[in-house]
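Next comes upload24.txt, a file with compact mmCIF, C-alpha atoms and all ligand atoms.
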# COMPACT_ATOMS: atom_id res chain seq x y z
CA MET A 137 75.86 81.62 -9.77
CA ILE A 138 74.87 77.99 -9.22
CA LYS A 139 72.09 76.78 -6.95
CA VAL A 140 71.40 73.20 -5.94
CA VAL A 141 67.75 72.58 -5.12
CA LYS A 142 66.51 69.65 -3.05
CA PHE A 143 62.80 68.93 -2.81
CA GLY A 144 61.37 66.87 0.05
CA GLY A 145 58.69 64.20 -0.18
CA SER A 146 55.72 66.47 0.51
CA SER A 147 56.92 68.79 -2.29
CA LEU A 148 56.71 65.84 -4.70
CA ALA A 149 53.74 63.90 -3.35
CA ASN A 150 51.57 64.29 -6.47
CA ALA A 151 51.38 65.94 -9.90
CA GLU A 152 50.16 69.26 -8.45
CA GLN A 153 53.25 69.45 -6.28
CA PHE A 154 55.50 68.56 -9.24
CA LYS A 155 54.01 71.50 -11.13
CA LYS A 156 54.88 73.88 -8.31
CA VAL A 157 58.40 72.47 -8.27
CA LYS A 158 58.85 73.00 -11.99
CA ALA A 159 57.64 76.58 -11.70
CA ILE A 160 60.19 77.20 -8.93
CA ILE A 161 63.05 75.69 -10.94
CA THR A 162 62.30 77.38 -14.24
CA GLU A 163 61.78 80.77 -12.61
CA ASP A 164 65.50 80.99 -11.78
CA GLU A 165 68.02 79.72 -14.32
CA THR A 166 70.71 79.33 -11.67
CA ARG A 167 68.69 76.45 -10.14
CA ARG A 168 70.54 73.81 -12.11
CA TYR A 169 71.01 70.67 -10.07
CA VAL A 170 67.90 69.05 -8.67
CA VAL A 171 67.77 66.46 -5.88
CA PRO A 172 64.34 64.87 -5.37
CA SER A 173 63.05 62.75 -2.47
CA ALA A 174 60.49 59.98 -2.96
CA PRO A 175 56.80 60.98 -3.02
CA GLY A 176 55.69 61.77 0.51
CA LYS A 177 52.27 62.05 2.11
CA ARG A 178 49.48 63.71 0.13
CA PHE A 179 47.32 64.03 3.25
CA ALA A 180 47.85 63.37 6.95
CA SER A 181 46.84 59.70 6.97
CA ASP A 182 48.65 58.87 3.70
CA THR A 183 51.73 56.60 3.52
CA LYS A 184 55.09 57.74 2.16
CA VAL A 185 56.29 55.75 -0.85
CA THR A 186 59.50 54.93 1.08
CA ASP A 187 57.40 53.23 3.77
CA MET A 188 55.36 51.40 1.13
CA LEU A 189 58.62 50.10 -0.35
CA TYR A 190 59.92 48.91 3.01
CA GLY A 191 56.58 47.18 3.64
CA CYS A 192 56.59 45.54 0.23
CA TYR A 193 60.15 44.31 0.61
CA HIS A 194 59.49 42.83 4.04
CA ALA A 195 56.49 41.01 2.60
CA ALA A 196 58.74 39.64 -0.18
CA GLU A 197 61.21 38.48 2.45
CA GLU A 198 58.45 36.58 4.18
CA GLY A 199 57.65 34.88 0.90
CA GLN A 200 54.28 36.62 0.45
CA ASP A 201 52.80 37.56 -2.89
CA ILE A 202 53.79 41.22 -3.36
CA SER A 203 52.00 41.97 -6.60
CA GLY A 204 49.21 43.94 -4.87
CA LEU A 205 51.67 46.01 -2.86
CA LEU A 206 53.80 46.74 -5.92
CA THR A 207 50.72 47.83 -7.85
CA GLY A 208 49.91 50.27 -5.02
CA ILE A 209 53.36 51.81 -5.37
CA ARG A 210 53.16 51.85 -9.12
CA ASP A 211 49.82 53.67 -8.96
CA ARG A 212 51.40 56.48 -6.98
CA TYR A 213 53.91 57.07 -9.77
CA GLN A 214 51.40 56.52 -12.56
CA ASP A 215 49.13 59.19 -11.05
CA ILE A 216 52.01 61.65 -11.17
CA ILE A 217 52.98 60.72 -14.74
CA SER A 218 49.38 61.02 -15.97
CA GLY A 219 48.77 64.22 -14.02
CA LEU A 220 51.79 65.79 -15.71
CA GLY A 221 50.79 64.47 -19.15
CA LEU A 222 54.17 62.82 -19.60
CA ASP A 223 54.92 60.21 -22.20
CA LEU A 224 56.92 57.99 -19.87
CA SER A 225 56.60 54.34 -19.01
CA LEU A 226 58.04 52.77 -15.87
CA ASP A 227 57.12 49.23 -17.02
CA SER A 228 60.66 47.95 -17.38
CA GLU A 229 61.68 49.57 -14.05
CA PHE A 230 58.83 47.87 -12.20
CA ALA A 231 59.51 44.51 -13.83
CA ARG A 232 63.11 44.78 -12.65
CA ILE A 233 62.12 45.90 -9.15
CA GLY A 234 59.70 42.95 -8.80
CA GLU A 235 62.48 40.54 -9.77
CA ASP A 236 65.04 42.20 -7.51
CA PHE A 237 62.66 42.06 -4.55
CA LYS A 238 62.12 38.35 -5.10
CA ASN A 239 65.88 37.87 -5.29
CA ARG A 240 66.36 39.72 -1.97
CA ALA A 241 68.28 42.70 -3.34
CA GLY A 242 68.28 44.22 0.15
CA GLU A 243 66.19 46.62 2.19
CA ASP A 244 68.31 49.62 1.18
CA TYR A 245 67.86 48.81 -2.48
CA ALA A 246 64.11 48.56 -1.92
CA ALA A 247 63.86 51.93 -0.19
CA SER A 248 66.10 53.63 -2.74
CA ARG A 249 63.66 52.91 -5.57
CA GLY A 250 61.40 55.67 -4.24
CA GLU A 251 63.94 58.35 -5.09
CA PHE A 252 65.19 56.53 -8.19
CA LEU A 253 61.75 56.49 -9.84
CA ASN A 254 60.86 60.00 -8.76
CA GLY A 255 64.17 61.16 -10.22
CA LYS A 256 63.31 59.51 -13.53
CA ILE A 257 59.99 61.35 -13.64
CA MET A 258 61.56 64.64 -12.62
CA ALA A 259 64.27 64.39 -15.29
CA ALA A 260 61.66 63.67 -17.98
CA TYR A 261 59.43 66.49 -16.76
CA LEU A 262 62.24 69.06 -16.66
CA ASP A 263 63.88 67.59 -19.75
CA ILE A 264 67.34 67.47 -18.19
CA PRO A 265 69.75 64.51 -17.72
CA PHE A 266 69.21 61.89 -15.00
CA VAL A 267 72.27 60.81 -13.02
CA ASP A 268 71.79 57.60 -11.04
CA ALA A 269 73.01 58.25 -7.49
CA ALA A 270 74.34 54.66 -7.39
CA GLU A 271 77.06 55.79 -9.79
CA VAL A 272 78.15 58.91 -7.95
CA ILE A 273 77.41 58.51 -4.22
CA ARG A 274 79.76 55.94 -2.73
CA PHE A 275 79.51 53.89 0.47
CA HIS A 276 82.27 51.78 2.05
CA ASP A 277 81.82 48.01 2.24
CA ASP A 278 80.77 48.32 5.90
CA GLY A 279 77.91 50.62 4.89
CA SER A 280 79.49 53.87 6.10
CA PHE A 281 79.60 56.82 3.74
CA ASP A 282 82.73 57.41 1.64
CA ALA A 283 83.00 61.21 1.43
CA GLU A 284 86.24 61.39 -0.52
CA LYS A 285 85.31 59.03 -3.32
CA THR A 286 81.83 60.54 -3.58
CA ASP A 287 83.20 64.03 -4.01
CA GLU A 288 85.52 62.85 -6.77
CA LEU A 289 82.80 60.88 -8.60
CA LEU A 290 80.17 63.60 -8.30
CA ARG A 291 82.53 66.38 -9.27
CA ASN A 292 83.75 64.59 -12.40
CA ARG A 293 80.31 63.61 -13.54
CA LEU A 294 78.58 66.94 -12.91
CA ALA A 295 81.41 68.96 -14.46
CA LYS A 296 80.16 67.66 -17.80
CA LEU A 297 76.54 68.59 -17.17
CA ASP A 298 75.02 72.07 -16.98
CA ALA A 299 71.95 70.70 -15.25
CA ALA A 300 70.94 67.32 -13.85
CA VAL A 301 68.56 65.40 -11.61
CA ILE A 302 70.36 63.34 -8.97
CA PRO A 303 67.96 61.32 -6.77
CA GLY A 304 68.47 61.70 -3.03
CA PHE A 305 68.90 59.25 -0.16
CA TYR A 306 70.97 56.47 -1.77
CA GLY A 307 74.24 55.52 -3.37
CA ALA A 308 76.15 52.27 -3.80
CA LYS A 309 79.16 50.37 -2.58
CA GLU A 310 82.06 49.70 -4.92
CA ASN A 311 80.57 46.32 -5.88
CA GLY A 312 77.33 48.00 -6.94
CA THR A 313 75.20 47.05 -3.91
CA VAL A 314 72.81 49.90 -3.18
CA ALA A 315 73.06 51.55 0.26
CA THR A 316 71.09 54.43 1.79
CA PHE A 317 71.64 57.15 4.34
CA SER A 318 69.37 57.15 7.37
CA ARG A 319 65.79 58.36 6.97
CA GLY A 320 65.49 61.89 5.63
CA GLY A 321 68.85 61.40 3.94
CA SER A 322 68.02 63.21 0.69
CA ASP A 323 69.04 66.35 2.57
CA ILE A 324 72.55 64.88 2.70
CA THR A 325 72.61 64.15 -1.03
CA GLY A 326 71.64 67.77 -1.72
CA SER A 327 74.46 68.96 0.46
CA LEU A 328 76.98 66.66 -1.27
CA VAL A 329 75.90 67.84 -4.71
CA ALA A 330 76.21 71.47 -3.58
CA LEU A 331 79.74 70.78 -2.38
CA ALA A 332 80.72 68.96 -5.57
CA VAL A 333 79.55 71.71 -7.94
CA ARG A 334 80.78 74.45 -5.58
CA ALA A 335 77.30 75.89 -5.46
CA ASP A 336 76.70 79.41 -4.21
CA LEU A 337 73.57 78.30 -2.41
CA TYR A 338 71.91 75.05 -1.38
CA GLU A 339 68.14 75.50 -1.37
CA ASN A 340 66.26 72.89 0.61
CA TRP A 341 62.57 73.05 -0.33
CA THR A 342 60.10 71.59 2.12
CA ASP A 343 56.60 72.29 3.46
CA VAL A 344 57.46 74.91 6.09
CA SER A 345 58.83 78.41 5.61
CA GLY A 346 62.05 77.65 7.45
CA PHE A 347 62.76 77.29 11.13
CA LEU A 348 60.32 78.76 13.57
CA ILE A 349 61.42 80.53 16.74
CA ALA A 350 59.46 78.03 18.81
CA ASP A 351 57.53 74.81 18.32
CA PRO A 352 54.15 75.65 16.69
CA ARG A 353 52.53 72.85 18.71
CA ILE A 354 53.31 74.87 21.84
CA VAL A 355 53.34 78.51 20.71
CA LYS A 356 50.54 79.77 18.49
CA LYS A 357 51.82 80.95 15.08
CA PRO A 358 55.45 81.50 16.06
CA LYS A 359 57.50 83.81 13.87
CA SER A 360 60.11 82.27 11.62
CA ILE A 361 63.86 82.67 11.88
CA GLU A 362 65.35 84.70 9.02
CA THR A 363 69.02 83.90 9.55
CA ILE A 364 70.60 81.33 11.80
CA THR A 365 74.22 80.26 12.21
CA TYR A 366 75.29 76.62 12.03
CA LYS A 367 76.21 76.72 15.71
CA GLU A 368 72.80 78.03 16.74
CA LEU A 369 71.14 75.43 14.58
CA ARG A 370 73.13 72.69 16.25
CA GLU A 371 72.01 73.87 19.70
CA LEU A 372 68.37 74.00 18.67
CA SER A 373 68.46 70.67 16.81
CA TYR A 374 70.02 68.99 19.79
CA MET A 375 67.06 70.13 21.83
CA GLY A 376 64.56 68.71 19.40
CA ALA A 377 63.94 71.27 16.66
CA SER A 378 64.15 69.38 13.37
CA VAL A 379 63.70 70.39 9.75
CA LEU A 380 66.97 69.26 8.24
CA HIS A 381 68.94 66.01 8.56
CA GLU A 382 71.88 66.71 10.91
CA ASP A 383 74.45 65.15 8.58
CA ALA A 384 73.45 67.53 5.79
CA ILE A 385 75.23 70.36 7.48
CA PHE A 386 78.84 69.22 7.45
CA PRO A 387 79.59 69.09 3.67
CA VAL A 388 78.27 72.56 2.88
CA ARG A 389 79.46 74.14 6.10
CA LYS A 390 83.01 73.04 5.30
CA ALA A 391 82.80 74.75 1.92
CA GLY A 392 81.11 77.91 3.20
CA ILE A 393 77.90 77.31 1.23
CA PRO A 394 74.76 78.66 2.93
CA ILE A 395 71.58 76.60 3.11
CA ASN A 396 68.23 78.22 2.49
CA ILE A 397 65.19 76.38 3.81
CA ARG A 398 62.22 77.26 1.57
CA ASN A 399 58.55 76.38 1.35
CA THR A 400 57.35 74.84 -1.95
CA ASN A 401 53.78 75.83 -1.10
CA ARG A 402 54.75 79.44 -0.33
CA PRO A 403 57.66 80.27 -2.63
CA GLU A 404 57.19 83.96 -1.92
CA ASP A 405 58.45 83.42 1.66
CA LYS A 406 62.17 83.97 2.12
CA GLY A 407 62.53 81.03 4.49
CA THR A 408 65.52 80.60 6.78
CA LEU A 409 69.11 81.16 5.72
CA ILE A 410 71.68 79.02 7.54
CA VAL A 411 75.16 80.52 7.49
CA GLU A 412 78.55 80.03 9.12
CA SER A 413 78.63 83.53 10.53
CA THR A 414 76.85 86.77 9.92
CA CYS A 415 77.02 90.35 11.02
CA SER A 416 73.29 90.73 10.44
CA ARG A 417 71.88 91.57 13.81
CA PRO A 418 69.13 89.21 14.83
CA LYS A 419 65.73 90.83 15.14
CA TYR A 420 65.32 89.59 18.67
CA THR A 421 67.86 88.91 21.41
CA ILE A 422 67.20 85.25 20.93
CA THR A 423 67.20 83.24 17.72
CA GLY A 424 65.12 80.32 18.90
CA ILE A 425 63.72 78.32 21.80
CA ALA A 426 63.62 74.52 21.83
CA GLY A 427 63.05 71.98 24.54
CA THR A 428 62.86 68.31 25.30
CA ASP A 429 60.96 66.49 27.94
CA GLY A 430 61.92 63.33 29.79
CA PHE A 431 65.02 63.95 31.89
CA VAL A 432 66.02 62.73 35.33
CA ALA A 433 68.30 64.64 37.73
CA VAL A 434 70.53 62.53 39.97
CA THR A 435 71.76 64.74 42.80
CA VAL A 436 74.69 63.44 44.81
CA GLU A 437 75.33 65.12 48.15
CA LYS A 438 78.33 64.79 50.42
CA ALA A 439 79.71 67.11 53.08
CA MET A 440 83.10 68.55 52.10
CA MET A 441 82.69 67.17 48.61
CA ASN A 442 84.38 70.25 47.21
CA SER A 443 87.72 69.36 48.78
CA GLU A 444 87.70 65.70 47.78
CA VAL A 445 89.95 65.53 44.76
CA GLY A 446 88.54 63.31 42.00
CA PHE A 447 84.98 63.22 43.38
CA CYS A 448 83.31 64.42 40.17
CA ARG A 449 85.41 62.16 38.00
CA LYS A 450 84.42 59.10 40.04
CA VAL A 451 80.72 59.94 39.81
CA LEU A 452 80.96 60.55 36.06
CA GLN A 453 82.89 57.32 35.65
CA VAL A 454 79.88 55.42 36.97
CA PHE A 455 77.70 56.86 34.22
CA GLU A 456 80.33 56.14 31.61
CA ASP A 457 80.78 52.55 32.78
CA ASN A 458 77.03 52.06 32.51
CA GLY A 459 76.90 53.58 29.04
CA VAL A 460 74.63 56.47 30.03
CA SER A 461 75.28 59.81 28.37
CA ILE A 462 75.17 62.96 30.52
CA GLU A 463 73.21 65.97 29.32
CA HIS A 464 74.06 68.61 31.92
CA MET A 465 75.86 68.82 35.21
CA PRO A 466 75.15 71.81 37.42
CA SER A 467 76.93 71.69 40.79
CA GLY A 468 76.88 73.30 44.24
CA ILE A 469 79.54 73.24 46.95
CA ASP A 470 78.54 69.94 48.48
CA THR A 471 76.22 68.69 45.72
CA MET A 472 76.39 67.83 42.09
CA SER A 473 73.44 67.04 39.86
CA ILE A 474 73.63 64.96 36.76
CA PHE A 475 70.90 65.31 34.15
CA VAL A 476 70.34 62.21 32.07
CA ASN A 477 67.79 61.03 29.58
CA LYS A 478 65.10 59.13 31.48
CA GLU A 479 64.74 56.35 28.92
CA ASN A 480 68.45 55.52 28.90
CA PHE A 481 68.73 55.81 32.65
CA GLU A 482 65.68 53.92 33.86
CA GLU A 483 66.78 50.39 33.10
CA LYS A 484 70.18 50.94 34.75
CA GLU A 485 68.93 53.03 37.64
CA GLN A 486 69.58 50.66 40.55
CA LYS A 487 72.95 49.60 39.24
CA ILE A 488 74.07 53.23 38.85
CA LEU A 489 72.90 54.16 42.35
CA ALA A 490 74.73 51.19 43.84
CA ASP A 491 77.87 52.03 41.87
CA ILE A 492 77.80 55.68 43.04
CA ASN A 493 77.39 54.55 46.65
CA ARG A 494 80.32 52.21 46.32
CA SER A 495 82.49 54.67 44.48
CA VAL A 496 82.15 57.91 46.52
CA SER A 497 80.10 57.00 49.66
CA PRO A 498 77.80 60.01 49.41
CA ASP A 499 75.66 61.25 52.34
CA HIS A 500 72.58 61.23 50.15
CA ILE A 501 71.44 60.62 46.59
CA GLU A 502 68.23 62.17 45.37
CA LEU A 503 66.39 61.38 42.19
CA GLU A 504 64.04 63.76 40.50
CA SER A 505 62.27 62.54 37.40
CA ASP A 506 59.94 64.19 34.90
CA LEU A 507 62.11 67.16 34.19
CA ALA A 508 62.30 69.08 30.94
CA LEU A 509 65.18 71.08 29.54
CA ILE A 510 64.65 74.21 27.50
CA ALA A 511 67.37 75.88 25.45
CA VAL A 512 67.19 79.60 24.76
CA VAL A 513 69.62 80.09 21.90
CA GLY A 514 70.94 83.22 20.23
CA ARG A 515 74.11 84.82 18.99
CA GLY A 516 72.59 88.12 20.08
CA MET A 517 72.77 87.16 23.77
CA LYS A 518 76.50 87.75 23.93
CA SER A 519 76.20 91.47 23.47
CA THR A 520 73.02 91.93 25.48
CA ARG A 521 72.82 92.56 29.18
CA GLY A 522 70.13 91.04 31.28
CA THR A 523 69.12 88.01 29.22
CA ALA A 524 69.27 85.66 32.20
CA GLY A 525 67.38 88.24 34.26
CA ARG A 526 64.59 88.38 31.69
CA ILE A 527 64.38 84.60 31.60
CA PHE A 528 64.01 84.42 35.37
CA SER A 529 61.46 87.17 35.60
CA ALA A 530 59.39 85.74 32.73
CA LEU A 531 59.32 82.35 34.42
CA ALA A 532 58.62 83.84 37.84
CA HIS A 533 55.67 85.78 36.46
CA ALA A 534 54.34 82.57 34.96
CA HIS A 535 54.71 80.91 38.42
CA ILE A 536 57.30 78.49 37.13
CA ASN A 537 60.02 77.21 39.38
CA VAL A 538 63.42 76.96 37.70
CA LYS A 539 65.10 73.70 38.70
CA MET A 540 68.37 74.38 36.92
CA ILE A 541 70.08 76.99 34.81
CA ASP A 542 73.18 76.48 32.78
CA GLN A 543 74.78 79.07 30.51
CA GLY A 544 77.03 77.65 27.81
CA SER A 545 80.53 79.15 27.86
CA SER A 546 80.07 80.48 24.34
CA GLU A 547 77.19 82.62 25.67
CA LEU A 548 75.21 81.23 22.77
CA ASN A 549 72.67 79.42 24.88
CA ILE A 550 71.07 79.24 28.28
CA ILE A 551 69.56 75.93 29.31
CA ILE A 552 66.78 75.92 31.84
CA GLY A 553 65.46 72.88 33.66
CA VAL A 554 61.80 72.90 34.70
CA ARG A 555 59.26 70.33 35.83
CA HIS A 556 57.44 68.41 33.12
CA GLU A 557 54.11 70.08 33.91
CA ASP A 558 55.65 73.54 33.46
CA PHE A 559 57.35 72.70 30.17
CA LYS A 560 54.89 74.24 27.71
CA ALA A 561 54.03 77.22 29.90
CA ALA A 562 57.74 77.98 30.27
CA ILE A 563 58.29 78.00 26.50
CA ARG A 564 55.28 80.26 26.03
CA ALA A 565 56.50 82.65 28.71
CA LEU A 566 59.95 82.83 27.14
CA TYR A 567 58.54 83.40 23.68
CA GLU A 568 56.37 86.15 25.01
CA ILE A 569 59.13 88.05 26.78
CA PHE A 570 61.70 87.80 23.99
CA VAL A 571 59.55 87.97 20.88
CA LEU A 572 56.15 89.46 21.61
CA THR A 573 57.16 92.10 24.11
CA GLN A 574 60.72 92.58 22.92
CA ILE A 575 62.21 95.90 23.86
N1 LIG B 601 62.52 59.07 1.25
C1 LIG B 601 63.41 58.93 2.35
C2 LIG B 601 62.65 58.98 3.66
O1 LIG B 601 61.43 59.00 3.66
C3 LIG B 601 64.53 59.91 2.32
C4 LIG B 601 64.13 61.37 2.26
O2 LIG B 601 62.98 61.70 1.99
O3 LIG B 601 64.98 62.23 2.49
O4 LIG B 601 63.25 58.98 4.70
What does the file become when written as structure tokens?
Ligand code: ASP
Amino acid sequence: MIKVVKFGGSSLANAEQFKKVKAIITEDETRRYVVPSAPGKRFASDTKVTDMLYGCYHAAEEGQDISGLLTGIRDRYQDIISGLGLDLSLDSEFARIGEDFKNRAGEDYAASRGEFLNGKIMAAYLDIPFVDAAEVIRFHDDGSFDAEKTDELLRNRLAKLDAAVIPGFYGAKENGTVATFSRGGSDITGSLVALAVRADLYENWTDVSGFLIADPRIVKKPKSIETITYKELRELSYMGASVLHEDAIFPVRKAGIPINIRNTNRPEDKGTLIVESTCSRPKYTITGIAGTDGFVAVTVEKAMMNSEVGFCRKVLQVFEDNGVSIEHMPSGIDTMSIFVNKENFEEKEQKILADINRSVSPDHIELESDLALIAVVGRGMKSTRGTAGRIFSALAHAHINVKMIDQGSSELNIIIGVRHEDFKAAIRALYEIFVLTQI
């Protein structure tokens, strides 16, 4: 059994957190490959080391004196080293970083030092080898990720090591230039390491006990999700639920390796297990509820529209030509509505309306802004009668008018459109009917 464990920034923000991490790793000898992030926030108003590094590098680019900023970063690491009682000096690393910043080594290089240095500390603290991600995670010259080469490099290197620390977030191009994934990218590194060592499990340790059924800012103390499939996760993430970097899913999913989201501050919690498929019946009919605000519905109306061949295509073409992505498209006999993201749509609004008029000569176009979309997601819905009925009655009882309903053909989700002011109340009503008063 091999487990790859990735620890996020809040799990490594100070020496106390490092101690919890060590206890977690040493408690289970199958936890062999460790992927750390850079130190995150120690308290709400704190700054992540990654952001400090970006700030410092930008100051260097502007020709400012960066010694004060570098000292601030160095202090963060020194506090951790002293707090752990380690005999480790980062003097030479910081001298090099200072030089490299002055020589404009690049923004990605700058940000990557957060993980690099934390990896050094972690390797010393756990007394296991350090593998520089620049040697095993490969990017193409254009900055895109090179999956094939990375897998080969990582596999060969880790085959020789029973345990190792591989810092997250960065890698390098063939010529040695450091490149990073997008923010939160240590999740991806963890996934790549899990694939390379053919891990049985990829544990992603963070500061929440997995995915919650609903957003805790809307629903008070929502229950957590025990098991979720990759497909369900995709639906919920698309609608705004986020714990894991989206690109972290593909490598492990392909290899059939489950991901377990765990809480460093509550290791006794089982967290959420993300799997390809499962026969474990979900506790509730639904797995999760997520929603996003800020949509506009463009309703195009034309008598006898249903018999006009190519009508829908022409309307959609207008959105495509204007580079606006469509979220949902419920239709009636003589009407079709197109839901789009308000931000993307707003600046092109008049042009799109004019183009639709020109293209299909509708009788009427109506715009409705300030709409929210809510996704009710669950593999359990397929085998359960009456889910849509329960959604409608819950919303009706809460005096919420449903503007749109759209059931995905996989029966995995039902999307509901409501007015912005009903958004939170709708999520609460849905949570209540499916989770609190579940039958
Ligand atoms: N440290 C990087 C960030 O703050 C990457 C990560 O934590 O995953 O985005």
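For the set A:Ser181, A:Ser218, A:Ser318, A:Asn396, the residue with the smallest atom-to-atom gap to ligand LIG 601 (chain B) is A:Ser318, counting all atoms listed in the file.
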| field | Point-to-point distance from CA of Ser461 in chain A to CA of Asn480 in chain A, Å rounded to tenths | value |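 Atom-to-atom, CA of Ser461 in chain A and CA of Asn480 in chain A are spaced 8.1 Å apart.
Across the structure, CA of Asn399 in chain A and CA of Leu290 in chain A are spaced 26.9 Å apart.
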| Shell around Tyr190 in chain A at 8 Å using only C-alpha atoms, local window under 6 positions removed, as a VMD selection string | chain A and resid 243 246 to 247
| message | Would you compute the distance between CA of Thr183 in chain A and CA of Glu152 in chain A? Give it in Å to one decimal. | response |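 We find that CA of Thr183 in chain A and CA of Glu152 in chain A lie 17.5 Å from each other.
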| message | Restricting the calculation to only C-alpha atoms: of A:Asn549, A:Ser146, A:Thr408, A:Asn340, which residue gets closest to Tyr374 in chain A? | response |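 For Tyr374 in chain A, the nearest of the given residues is A:Asn549.
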Give me, as a tab-separated table, the closest atom pair and its distance (Å, one decimal) for every residue of chain A within a cut-off of 7 Å of ligand LIG 601 (chain B), counting all atoms listed in the file, rows sorted by chain and rising number.
residue	atom	partner	partner_atom	distance
A:Gly144	CA	B:LIG601	O2	5.8
A:Gly145	CA	B:LIG601	O2	5.4
A:Ser173	CA	B:LIG601	O2	4.6
A:Ala174	CA	B:LIG601	N1	4.8
A:Lys184	CA	B:LIG601	O1	6.6
A:Thr186	CA	B:LIG601	N1	5.1
A:Gly250	CA	B:LIG601	N1	6.6
A:Glu251	CA	B:LIG601	N1	6.5
A:Gly304	CA	B:LIG601	O3	6.6
A:Phe305	CA	B:LIG601	C3	5.1
A:Ser318	CA	B:LIG601	O4	6.9
A:Arg319	CA	B:LIG601	O4	3.5
A:Gly320	CA	B:LIG601	O3	3.2
A:Gly321	CA	B:LIG601	O3	4.2
A:Ser322	CA	B:LIG601	O3	3.7
A:Asp323	CA	B:LIG601	O3	5.8
Exercise on range 551-555 of chain A, axis-aligned box with 4 Å per side, report centre and edge lengths in Å to one decimal, as AutoDock Vina command-line options:
--center_x 64.4 --center_y 73.1 --center_z 32.6 --size_x 18.3 --size_y 13.6 --size_z 14.5
Restrict the calculation to only C-alpha atoms, then for each residue of range 252-363 of chain A with any atom at most 12 Å from an atom of range 552-568 of chain A give the closest atom pair and their distance in Å to one decimal, rows by chain and rising residue number, as JSON lines.
{"residue": "A:Leu348", "atom": "CA", "partner": "A:Tyr567", "partner_atom": "CA", "distance": 11.3}
{"residue": "A:Ile349", "atom": "CA", "partner": "A:Tyr567", "partner_atom": "CA", "distance": 8.0}
{"residue": "A:Ala350", "atom": "CA", "partner": "A:Tyr567", "partner_atom": "CA", "distance": 7.3}
{"residue": "A:Asp351", "atom": "CA", "partner": "A:Ile563", "partner_atom": "CA", "distance": 8.8}
{"residue": "A:Pro352", "atom": "CA", "partner": "A:Arg564", "partner_atom": "CA", "distance": 10.5}
{"residue": "A:Arg353", "atom": "CA", "partner": "A:Lys560", "partner_atom": "CA", "distance": 9.4}
{"residue": "A:Ile354", "atom": "CA", "partner": "A:Lys560", "partner_atom": "CA", "distance": 6.1}
{"residue": "A:Val355", "atom": "CA", "partner": "A:Arg564", "partner_atom": "CA", "distance": 5.9}
{"residue": "A:Lys356", "atom": "CA", "partner": "A:Arg564", "partner_atom": "CA", "distance": 8.9}
{"residue": "A:Lys357", "atom": "CA", "partner": "A:Tyr567", "partner_atom": "CA", "distance": 11.2}
{"residue": "A:Pro358", "atom": "CA", "partner": "A:Tyr567", "partner_atom": "CA", "distance": 8.4}
{"residue": "A:Lys359", "atom": "CA", "partner": "A:Tyr567", "partner_atom": "CA", "distance": 9.9}
| query | Given the choices A:Leu253, A:Ile541, A:Ala330, A:Cys448, which gets closest to Lys390 in chain A if the distance is worked out from only C-alpha atoms? | reply | A:Ala330
| task | Measuring atom to atom with only C-alpha atoms, identify which of A:Phe154, A:Phe281, A:Tyr245, A:Phe317 is nearest to Ile257 in chain A. | result |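 With only C-alpha atoms as the atom set, the closest residue is A:Phe154.
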| query | Using all atoms listed in the file, which of the listed residues (A:Asp187, A:Glu165, A:Val434, A:Lys238) sits closest to Asp201 in chain A? | reply |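 So, comparing all the options, the nearest one is A:Lys238.
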| remark: Nearest to Leu372 in chain A, restricted to all atoms listed in the file and choosing among A:Val445, A:Met472, A:Val333, A:Ile550, comes out as A:Ile550
